[in-house]
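Q: Input start_19.pdb, format and content: PDB, C-alpha atoms, pLDDT in the B column.
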```pdb
ATOM      1  CA  MET A   1       0.000   0.000   0.000  1.00 57.00           C
ATOM      2  CA  ASP A   2       1.314   3.457  -0.918  1.00 72.00           C
ATOM      3  CA  VAL A   3       1.930   5.868   1.890  1.00 74.00           C
ATOM      4  CA  PRO A   4       0.939   9.449   1.039  1.00 73.00           C
ATOM      5  CA  PRO A   5       3.804  11.893   1.355  1.00 75.00           C
ATOM      6  CA  THR A   6       3.793  13.950   4.492  1.00 79.00           C
ATOM      7  CA  VAL A   7       3.640  17.692   4.157  1.00 75.00           C
ATOM      8  CA  THR A   8       5.434  19.739   6.734  1.00 79.00           C
ATOM      9  CA  ALA A   9       4.092  23.027   8.050  1.00 78.00           C
ATOM     10  CA  ALA A  10       6.744  24.934   6.117  1.00 81.00           C
ATOM     11  CA  ASP A  11       5.771  23.132   2.889  1.00 75.00           C
ATOM     12  CA  ALA A  12       2.106  23.920   3.505  1.00 74.00           C
ATOM     13  CA  ARG A  13       2.885  27.607   4.099  1.00 83.00           C
ATOM     14  CA  SER A  14       4.966  27.691   0.931  1.00 79.00           C
ATOM     15  CA  LEU A  15       2.177  26.097  -1.095  1.00 74.00           C
ATOM     16  CA  LEU A  16      -0.414  28.487   0.330  1.00 78.00           C
ATOM     17  CA  HIS A  17       1.825  31.474  -0.424  1.00 80.00           C
ATOM     18  CA  ARG A  18       2.329  30.271  -4.003  1.00 81.00           C
ATOM     19  CA  ALA A  19      -1.407  29.696  -4.455  1.00 76.00           C
ATOM     20  CA  GLU A  20      -2.142  33.194  -3.146  1.00 80.00           C
ATOM     21  CA  ARG A  21       0.385  34.729  -5.572  1.00 79.00           C
ATOM     22  CA  LEU A  22      -1.076  32.796  -8.513  1.00 73.00           C
ATOM     23  CA  SER A  23      -4.602  33.772  -7.527  1.00 67.00           C
ATOM     24  CA  ARG A  24      -3.679  37.449  -7.238  1.00 67.00           C
ATOM     25  CA  SER A  25      -1.837  37.532 -10.562  1.00 67.00           C
ATOM     26  CA  ALA A  26      -4.736  35.769 -12.324  1.00 62.00           C
ATOM     27  CA  HIS A  27      -7.190  38.210 -10.766  1.00 57.00           C
ATOM     28  CA  ASP A  28      -5.076  41.206 -11.779  1.00 58.00           C
ATOM     29  CA  ALA A  29      -4.706  39.910 -15.333  1.00 60.00           C
ATOM     30  CA  THR A  30      -8.473  39.554 -15.774  1.00 61.00           C
ATOM     31  CA  ARG A  31      -9.186  43.033 -14.363  1.00 76.00           C
ATOM     32  CA  TRP A  32      -7.066  45.034 -16.837  1.00 81.00           C
ATOM     33  CA  PRO A  33      -9.508  44.927 -19.771  1.00 82.00           C
ATOM     34  CA  TYR A  34     -12.244  46.165 -17.429  1.00 85.00           C
ATOM     35  CA  ILE A  35     -10.102  48.957 -15.993  1.00 88.00           C
ATOM     36  CA  THR A  36      -8.896  49.980 -19.445  1.00 89.00           C
ATOM     37  CA  PHE A  37     -12.458  50.085 -20.730  1.00 91.00           C
ATOM     38  CA  ILE A  38     -13.667  52.321 -17.904  1.00 93.00           C
ATOM     39  CA  VAL A  39     -10.766  54.753 -18.240  1.00 95.00           C
ATOM     40  CA  ALA A  40     -10.962  54.912 -22.044  1.00 95.00           C
ATOM     41  CA  LEU A  41     -14.743  55.361 -21.973  1.00 95.00           C
ATOM     42  CA  GLY A  42     -14.410  58.189 -19.466  1.00 95.00           C
ATOM     43  CA  VAL A  43     -11.666  59.949 -21.397  1.00 96.00           C
ATOM     44  CA  ALA A  44     -13.415  59.585 -24.762  1.00 96.00           C
ATOM     45  CA  THR A  45     -16.799  60.787 -23.558  1.00 96.00           C
ATOM     46  CA  SER A  46     -15.311  63.571 -21.472  1.00 96.00           C
ATOM     47  CA  MET A  47     -13.270  64.979 -24.337  1.00 95.00           C
ATOM     48  CA  GLY A  48     -16.088  64.381 -26.820  1.00 95.00           C
ATOM     49  CA  THR A  49     -18.684  66.256 -24.801  1.00 94.00           C
ATOM     50  CA  PHE A  50     -16.228  69.079 -24.151  1.00 94.00           C
ATOM     51  CA  ALA A  51     -15.583  69.367 -27.893  1.00 94.00           C
ATOM     52  CA  MET A  52     -19.315  69.249 -28.649  1.00 93.00           C
ATOM     53  CA  ALA A  53     -20.035  71.952 -26.069  1.00 91.00           C
ATOM     54  CA  LEU A  54     -17.571  74.355 -27.651  1.00 90.00           C
ATOM     55  CA  ALA A  55     -17.954  73.569 -31.365  1.00 92.00           C
ATOM     56  CA  THR A  56     -20.564  74.645 -33.888  1.00 90.00           C
ATOM     57  CA  GLY A  57     -21.511  73.582 -37.394  1.00 91.00           C
ATOM     58  CA  ASP A  58     -19.345  70.949 -39.054  1.00 94.00           C
ATOM     59  CA  ALA A  59     -16.945  70.868 -36.095  1.00 94.00           C
ATOM     60  CA  PHE A  60     -19.844  69.900 -33.817  1.00 92.00           C
ATOM     61  CA  GLY A  61     -20.800  67.085 -36.184  1.00 93.00           C
ATOM     62  CA  LEU A  62     -17.211  65.874 -36.323  1.00 95.00           C
ATOM     63  CA  ALA A  63     -16.959  65.871 -32.521  1.00 94.00           C
ATOM     64  CA  TYR A  64     -20.281  64.030 -32.252  1.00 93.00           C
ATOM     65  CA  VAL A  65     -19.482  61.374 -34.857  1.00 95.00           C
ATOM     66  CA  GLY A  66     -15.942  60.983 -33.526  1.00 95.00           C
ATOM     67  CA  THR A  67     -17.201  60.422 -29.988  1.00 94.00           C
ATOM     68  CA  LEU A  68     -19.702  57.819 -31.182  1.00 94.00           C
ATOM     69  CA  ALA A  69     -17.057  56.055 -33.278  1.00 96.00           C
ATOM     70  CA  VAL A  70     -14.645  55.878 -30.355  1.00 95.00           C
ATOM     71  CA  MET A  71     -17.387  54.598 -28.032  1.00 93.00           C
ATOM     72  CA  PHE A  72     -18.354  51.834 -30.458  1.00 94.00           C
ATOM     73  CA  ALA A  73     -14.691  50.913 -30.992  1.00 94.00           C
ATOM     74  CA  LEU A  74     -14.178  50.714 -27.225  1.00 92.00           C
ATOM     75  CA  ILE A  75     -17.211  48.496 -26.778  1.00 88.00           C
ATOM     76  CA  LEU A  76     -16.041  46.243 -29.618  1.00 89.00           C
ATOM     77  CA  PHE A  77     -12.517  46.041 -28.154  1.00 87.00           C
ATOM     78  CA  PHE A  78     -13.942  45.285 -24.716  1.00 85.00           C
ATOM     79  CA  VAL A  79     -16.242  42.534 -25.970  1.00 83.00           C
ATOM     80  CA  ILE A  80     -13.366  40.917 -27.883  1.00 84.00           C
ATOM     81  CA  SER A  81     -10.916  41.215 -24.990  1.00 79.00           C
ATOM     82  CA  ILE A  82     -13.229  39.601 -22.423  1.00 76.00           C
ATOM     83  CA  GLN A  83     -14.264  36.688 -24.610  1.00 75.00           C
ATOM     84  CA  GLY A  84     -14.764  33.643 -22.443  1.00 62.00           C
ATOM     85  CA  ARG A  85     -14.976  35.686 -19.247  1.00 61.00           C
ATOM     86  CA  SER A  86     -17.981  36.932 -17.391  1.00 59.00           C
ATOM     87  CA  ALA A  87     -19.081  40.298 -18.658  1.00 53.00           C
ATOM     88  CA  PHE A  88     -19.989  43.081 -16.299  1.00 53.00           C
ATOM     89  CA  ALA A  89     -23.717  42.515 -16.797  1.00 51.00           C
ATOM     90  CA  ARG A  90     -23.771  39.971 -13.968  1.00 60.00           C
ATOM     91  CA  SER A  91     -22.138  42.197 -11.390  1.00 74.00           C
ATOM     92  CA  ARG A  92     -23.808  44.785  -9.187  1.00 84.00           C
ATOM     93  CA  ARG A  93     -20.515  46.620  -9.015  1.00 84.00           C
ATOM     94  CA  TRP A  94     -20.444  46.993 -12.815  1.00 84.00           C
ATOM     95  CA  THR A  95     -24.054  48.089 -12.845  1.00 87.00           C
ATOM     96  CA  VAL A  96     -23.106  50.866 -10.412  1.00 91.00           C
ATOM     97  CA  TYR A  97     -20.072  51.797 -12.549  1.00 91.00           C
ATOM     98  CA  ILE A  98     -22.062  52.072 -15.755  1.00 90.00           C
ATOM     99  CA  ALA A  99     -24.959  53.860 -14.026  1.00 94.00           C
ATOM    100  CA  SER A 100     -22.530  56.359 -12.467  1.00 96.00           C
ATOM    101  CA  TRP A 101     -20.812  56.982 -15.781  1.00 95.00           C
ATOM    102  CA  PHE A 102     -24.161  57.328 -17.556  1.00 95.00           C
ATOM    103  CA  ALA A 103     -25.483  59.823 -14.984  1.00 97.00           C
ATOM    104  CA  SER A 104     -22.378  61.989 -15.283  1.00 96.00           C
ATOM    105  CA  TYR A 105     -22.468  61.696 -19.075  1.00 95.00           C
ATOM    106  CA  ALA A 106     -26.136  62.732 -19.080  1.00 96.00           C
ATOM    107  CA  VAL A 107     -25.180  65.845 -17.097  1.00 95.00           C
ATOM    108  CA  ALA A 108     -22.428  66.606 -19.615  1.00 94.00           C
ATOM    109  CA  LEU A 109     -24.828  66.127 -22.538  1.00 93.00           C
ATOM    110  CA  SER A 110     -27.352  68.418 -20.888  1.00 94.00           C
ATOM    111  CA  VAL A 111     -24.646  71.098 -20.741  1.00 92.00           C
ATOM    112  CA  VAL A 112     -24.024  70.529 -24.460  1.00 90.00           C
ATOM    113  CA  ILE A 113     -27.732  70.988 -25.136  1.00 91.00           C
ATOM    114  CA  TRP A 114     -28.716  73.837 -22.795  1.00 93.00           C
ATOM    115  CA  ALA A 115     -25.504  75.750 -22.127  1.00 89.00           C
ATOM    116  CA  HIS A 116     -23.754  75.378 -25.454  1.00 86.00           C
ATOM    117  CA  GLY A 117     -20.611  77.478 -25.635  1.00 86.00           C
ATOM    118  CA  SER A 118     -20.081  77.902 -21.895  1.00 90.00           C
ATOM    119  CA  VAL A 119     -16.441  76.978 -21.296  1.00 91.00           C
ATOM    120  CA  VAL A 120     -16.820  76.858 -17.514  1.00 94.00           C
ATOM    121  CA  LEU A 121     -19.886  74.591 -17.522  1.00 94.00           C
ATOM    122  CA  ALA A 122     -18.477  72.414 -20.303  1.00 93.00           C
ATOM    123  CA  GLY A 123     -15.214  71.993 -18.402  1.00 94.00           C
ATOM    124  CA  ALA A 124     -16.997  71.184 -15.146  1.00 96.00           C
ATOM    125  CA  ALA A 125     -19.380  68.681 -16.742  1.00 95.00           C
ATOM    126  CA  SER A 126     -16.659  66.996 -18.794  1.00 95.00           C
ATOM    127  CA  GLY A 127     -14.420  66.923 -15.746  1.00 96.00           C
ATOM    128  CA  LEU A 128     -17.199  65.237 -13.795  1.00 97.00           C
ATOM    129  CA  VAL A 129     -17.372  62.449 -16.388  1.00 96.00           C
ATOM    130  CA  LEU A 130     -13.612  61.987 -16.151  1.00 96.00           C
ATOM    131  CA  VAL A 131     -13.553  61.983 -12.341  1.00 97.00           C
ATOM    132  CA  VAL A 132     -16.386  59.438 -12.159  1.00 97.00           C
ATOM    133  CA  ALA A 133     -14.647  57.160 -14.669  1.00 96.00           C
ATOM    134  CA  PHE A 134     -11.302  57.345 -12.841  1.00 96.00           C
ATOM    135  CA  PHE A 135     -12.997  56.714  -9.505  1.00 96.00           C
ATOM    136  CA  CYS A 136     -14.750  53.624 -10.911  1.00 94.00           C
ATOM    137  CA  ALA A 137     -11.502  52.366 -12.472  1.00 93.00           C
ATOM    138  CA  ALA A 138      -9.607  52.859  -9.218  1.00 93.00           C
ATOM    139  CA  ARG A 139     -12.319  51.040  -7.330  1.00 91.00           C
ATOM    140  CA  GLU A 140     -12.198  48.172  -9.830  1.00 87.00           C
ATOM    141  CA  ALA A 141      -8.412  48.009  -9.557  1.00 85.00           C
ATOM    142  CA  ARG A 142      -8.661  47.600  -5.787  1.00 84.00           C
ATOM    143  CA  SER A 143     -11.393  44.933  -5.885  1.00 77.00           C
TER     144      SER A 143
END
```
Rewrite the structure from the file as structure tokens, please.
A:
Amino acid sequence: MDVPPTVTAADARSLLHRAERLSRSAHDATRWPYITFIVALGVATSMGTFAMALATGDAFGLAYVGTLAVMFALILFFVISIQGRSAFARSRRWTVYIASWFASYAVALSVVIWAHGSVVLAGAASGLVLVVAFFCAAREARS
């Protein structure tokens, strides 16, 4: 009959430490597409709404179409990069992230609509979008 090998306390600690390191590195590796998506979405929508708030005519249209194109490219990149992983739709945390971003983006769009041309309001609203996105990304990085 085979006798199972005995594991000393030091061996067990070493194995647990290695498992913890592997778990942390795997967790960190799966978080980066999510963090990148949040930051890029915040930057793109912040700069896009700022440009829309200050531009008129063809420049407004270019800012609008450019912002939409970047948003769709980001979503496409995100969907491709998380293939085989759980998307954020199942997480309450991601629901809060997207809802927070959307609320700040709605404020920025309302500035574009009702206070078009106001540099101070456009800067504040676009800055809000950026701050919310960075806060959500930092929170995701720490989770």
Q: Using all atoms listed in the file, determine which residues lie at most 9 Å from A:Val131, disregarding the query and same-chain residues fewer than 5 positions distant; provide the list as a PyMOL selection string.
A: chain A and resi 42+126+136
Q: Which is closer to A:Leu128 than all the others in A:Val96, A:Val3, A:Ala108, A:Ile82, using all atoms listed in the file?
A: A:Ala108
Q: Rank A:Thr8, A:Gly61, A:Phe50, A:Ala73 by their smallest atom-to-atom distance to A:Leu109, using all atoms listed in the file, and report the top residue only.
A: A:Phe50
Q: On this structure, which residues satisfy the PyMOL selection byres ((chain A and resi 46-48) around 6), written as an NGL selection string?
A: :A and (42-45 or 49-51 or 63 or 67 or 126 or 129-130)
Q: Check the smallest atom-to-atom distance from each of A:Ala141, A:Arg21, A:Ser104, A:Ala99 to A:Ala124 using all atoms listed in the file, then report the winner.
A: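 Checking each of A:Ala141, A:Arg21, A:Ser104, A:Ala99 against A:Ala124, counting all atoms listed in the file, the winner is A:Ser104.
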Q: Mind checking which residues fall within 9 Å of A:Ala122, counting all atoms listed in the file, ignoring those fewer than 3 positions away in the same chain, and posting them as a list in words?
A: Thr49, Phe50, Ala51, Met52, Ala53, Leu54, Ala108, Val111, Val112, Ala115, His116, Gly117, Ser118, Val119, Ala125, Ser126 and Gly127 of chain A
Q: Of the candidates A:Leu74, A:Ala12, A:Ile80, A:Ile98, which one gets nearest to A:Val132 if we count all atoms listed in the file?
A: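 With all atoms listed in the file as the atom set, the closest residue is A:Ile98.
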Q: Could you tell me which residues the PyMOL selection byres ((chain A and resi 36) around 12) grabs in this file, written as an MDAnalysis selection string?
A: chainID A and resid 29:35 37:44 74:75 77:78 81:82 133:134 136:138 140:141
Q: As an exercise, work out the distance from atom CA of A:Ser143 to atom CA of A:Ala103 in Å and give it to one decimal place.
A: 22.4 Å
Q: Of the candidates A:Arg139, A:Leu121, A:Val70, A:Thr56, which one gets nearest to A:Arg93 if we count all atoms listed in the file?
A: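 Among the listed residues, the smallest separation from A:Arg93 belongs to A:Arg139.
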